[in-house]
$ cat target.txt   # compact mmCIF, C-alpha atoms
# COMPACT_ATOMS: atom_id res chain seq x y z
CA GLU C 1219 -102.29 122.24 237.94
CA CYS C 1220 -101.75 124.85 235.24
CA ILE C 1221 -101.92 123.38 231.73
CA LYS C 1222 -98.87 125.44 230.72
CA GLN C 1223 -96.77 123.58 233.28
CA LEU C 1224 -97.80 120.24 231.77
CA LEU C 1225 -96.77 121.06 228.19
CA PRO C 1226 -93.28 121.21 226.66
CA ASP C 1227 -91.55 124.55 225.97
CA THR C 1228 -90.19 123.37 222.62
CA MET C 1229 -90.93 120.84 219.94
CA THR C 1230 -88.83 119.55 217.06
CA VAL C 1231 -90.80 118.91 213.89
CA GLY C 1232 -89.14 117.75 210.68
CA GLY C 1233 -85.71 118.67 212.02
CA ARG C 1234 -86.72 122.23 212.99
CA THR C 1235 -87.08 123.22 216.63
CA TYR C 1236 -89.88 125.57 217.62
CA ARG C 1237 -90.29 127.37 220.92
CA LEU C 1238 -93.89 127.12 222.12
CA LYS C 1239 -95.38 130.37 223.40
CA THR C 1240 -98.78 131.28 224.75
CA PHE C 1241 -100.62 134.45 223.86
CA LEU C 1242 -103.18 133.92 226.60
CA ARG C 1243 -102.94 136.07 229.71
CA GLY C 1244 -104.23 135.57 233.22
CA LYS C 1245 -107.27 133.30 233.27
CA GLU C 1246 -108.06 133.64 229.56
CA LYS C 1247 -109.04 130.42 227.83
CA CYS C 1248 -109.29 131.88 224.32
CA VAL C 1249 -108.59 135.04 222.33
CA THR C 1250 -109.29 135.59 218.63
CA GLY C 1251 -109.08 138.14 215.85
CA ASN C 1252 -106.88 141.22 216.13
CA LEU C 1253 -106.05 140.52 219.77
CA MET C 1254 -104.65 137.10 218.88
CA VAL C 1255 -102.72 138.52 215.91
CA ASN C 1256 -101.28 141.42 217.92
CA ARG C 1257 -100.17 139.20 220.80
CA THR C 1258 -98.59 136.71 218.42
CA LYS C 1259 -96.63 139.54 216.77
CA GLU C 1260 -95.59 140.95 220.18
CA LEU C 1261 -94.07 137.54 220.91
CA LYS C 1262 -92.30 137.58 217.52
CA ALA C 1263 -94.11 134.32 216.79
CA ASN C 1264 -95.79 135.36 213.55
CA LEU C 1265 -94.83 132.49 211.29
CA GLY C 1266 -96.07 132.12 207.75
CA GLU C 1267 -97.21 129.58 205.21
CA LYS C 1268 -93.80 127.94 204.72
CA GLU C 1269 -93.52 127.02 208.41
CA GLY C 1270 -97.19 126.07 208.64
CA ARG C 1271 -96.90 123.66 205.73
CA HIS C 1272 -93.67 122.24 207.18
CA ILE C 1273 -95.38 121.51 210.49
CA LEU C 1274 -98.37 119.92 208.73
CA ASP C 1275 -96.08 117.85 206.47
CA HIS C 1276 -94.24 116.51 209.54
CA GLN C 1277 -97.14 116.43 211.97
CA GLY C 1278 -96.17 112.97 213.19
CA ASP C 1279 -93.31 114.71 215.04
CA ILE C 1280 -95.66 116.97 217.04
CA PRO C 1281 -95.71 115.70 220.63
CA ALA C 1282 -98.86 113.71 221.33
CA GLN C 1283 -99.39 115.58 224.61
CA LEU C 1284 -100.24 118.72 222.58
CA ARG C 1285 -103.23 117.08 220.88
CA GLY C 1286 -106.41 118.92 221.72
CA LYS C 1287 -104.55 121.33 224.01
CA VAL C 1288 -102.93 123.86 221.68
CA SER C 1289 -103.48 125.60 218.37
CA PHE C 1290 -100.65 126.82 216.21
CA VAL C 1291 -101.36 130.27 214.77
CA PHE C 1292 -99.70 131.46 211.56
CA THR C 1293 -100.45 135.18 211.31
CA ASP C 1294 -98.42 135.57 208.13
CA TRP C 1295 -100.18 132.69 206.34
CA ARG C 1296 -103.12 134.37 204.65
CA HIS C 1297 -106.06 132.84 202.87
CA PRO C 1298 -105.41 132.94 199.09
CA VAL C 1299 -108.64 134.83 198.34
CA ARG C 1300 -109.71 136.47 201.61
CA SER C 1301 -106.62 138.14 203.09
CA GLU C 1302 -108.43 138.99 206.33
CA PHE C 1303 -108.27 135.28 207.21
CA ILE C 1304 -105.16 133.73 208.75
CA ALA C 1305 -104.27 130.08 209.20
CA TYR C 1306 -104.23 128.13 212.40
CA VAL C 1307 -103.64 124.43 212.98
CA ARG C 1308 -105.33 122.32 215.63
CA TRP C 1309 -105.93 118.68 216.44
CA ARG C 1310 -109.16 117.36 214.97
CA GLY C 1311 -110.37 113.95 213.91
CA GLY C 1312 -107.10 112.16 214.62
CA CYS C 1313 -104.73 114.58 212.89
CA TRP C 1314 -103.54 118.19 212.79
CA VAL C 1315 -105.68 120.25 210.41
CA ARG C 1316 -105.41 123.78 209.02
CA PHE C 1317 -108.35 126.11 209.56
CA TRP C 1318 -108.93 129.77 208.74
CA VAL C 1319 -109.94 132.47 211.22
CA ASN C 1320 -110.88 136.09 210.57
CA ARG C 1321 -108.17 138.26 212.07
CA ASP C 1322 -110.49 141.25 212.37

$ encode --input "target.txt" --output "structure tokens"
Amino acid sequence: ECIKQLLPDTMTVGGRTYRLKTFLRGKEKCVTGNLMVNRTKELKANLGEKEGRHILDHQGDIPAQLRGKVSFVFTDWRHPVRSEFIAYVRWRGGCWVRFWVNRD
């Protein structure tokens, strides 16, 4: 069964509701860099640091079924020193953690 069909379409975290969208197409399992950034912007899902920090601060509200299955990409949350890096959040070591990925 398709993983997308098993996951919720929305989640409410810290009183804010977010619509979950995928930027993968067809049989893709992963995309990175500019392709990921462009697709996220096409979907109008380019959230920034404020939303990323809110989600991390209220990560206990993130549905458990998303653990290890999704990453949250914040194309408008840039690394403070290296602006070519954007933030993403994924499940690791028992909690949701922010990482940096090169958008280029």

$ residues_around --input "target.txt" --residues "C:Gly1278" --least-positions-apart "4" --cutoff "10 Å" --atoms "all atoms listed in the file" --output "list in words"
Val1231, Gly1232, Ile1273, Leu1274, Ala1282, Cys1313 and Trp1314 of chain C

$ atom_distance --input "target.txt" --atom1 "atom CA of C:Ile1280" --atom2 "atom CA of C:Asn1264"
18.7 Å

$ residues_around --input "target.txt" --residues "stretch 1287-1296 of chain C" --least-positions-apart "5" --cutoff "7 Å" --atoms "all atoms listed in the file" --output "compact mmCIF listing (two decimals) with C-alpha atoms, in the coordinates of the input"
# COMPACT_ATOMS: atom_id res chain seq x y z
CA VAL C 1255 -102.72 138.52 215.91
CA ASN C 1264 -95.79 135.36 213.55
CA LEU C 1265 -94.83 132.49 211.29
CA GLY C 1266 -96.07 132.12 207.75
CA GLU C 1267 -97.21 129.58 205.21
CA GLY C 1270 -97.19 126.07 208.64
CA SER C 1301 -106.62 138.14 203.09
CA PHE C 1303 -108.27 135.28 207.21
CA ILE C 1304 -105.16 133.73 208.75
CA ALA C 1305 -104.27 130.08 209.20
CA TYR C 1306 -104.23 128.13 212.40
CA VAL C 1307 -103.64 124.43 212.98
CA ARG C 1308 -105.33 122.32 215.63

$ residues_around --input "target.txt" --residues "stretch 1233-1248 of chain C" --least-positions-apart "3" --cutoff "10 Å" --atoms "all atoms listed in the file" --output "MDAnalysis selection string"
chainID C and resid 1222 1225:1230 1253:1263 1269 1272:1273 1276 1279 1288:1290

$ atom_distance --input "target.txt" --atom1 "atom CA of C:Gly1312" --atom2 "atom CA of C:Lys1268"
22.9 Å

$ atom_distance --input "target.txt" --atom1 "atom CA of C:Leu1284" --atom2 "atom CA of C:Pro1298"
27.9 Å

$ axis_aligned_box --input "target.txt" --around "stretch 1270-1284 of chain C" --padding-each-side "3 Å" --output "lines of an AutoDock Vina configuration file"
center_x = -96.8
center_y = 119.5
center_z = 215.2
size_x = 12.9
size_y = 19.1
size_z = 24.9

$ closest_residue --input "target.txt" --among "C:Gln1277, C:Leu1224, C:Gly1286, C:Asn1252" --to "C:Val1319" --atoms "all atoms listed in the file"
C:Asn1252
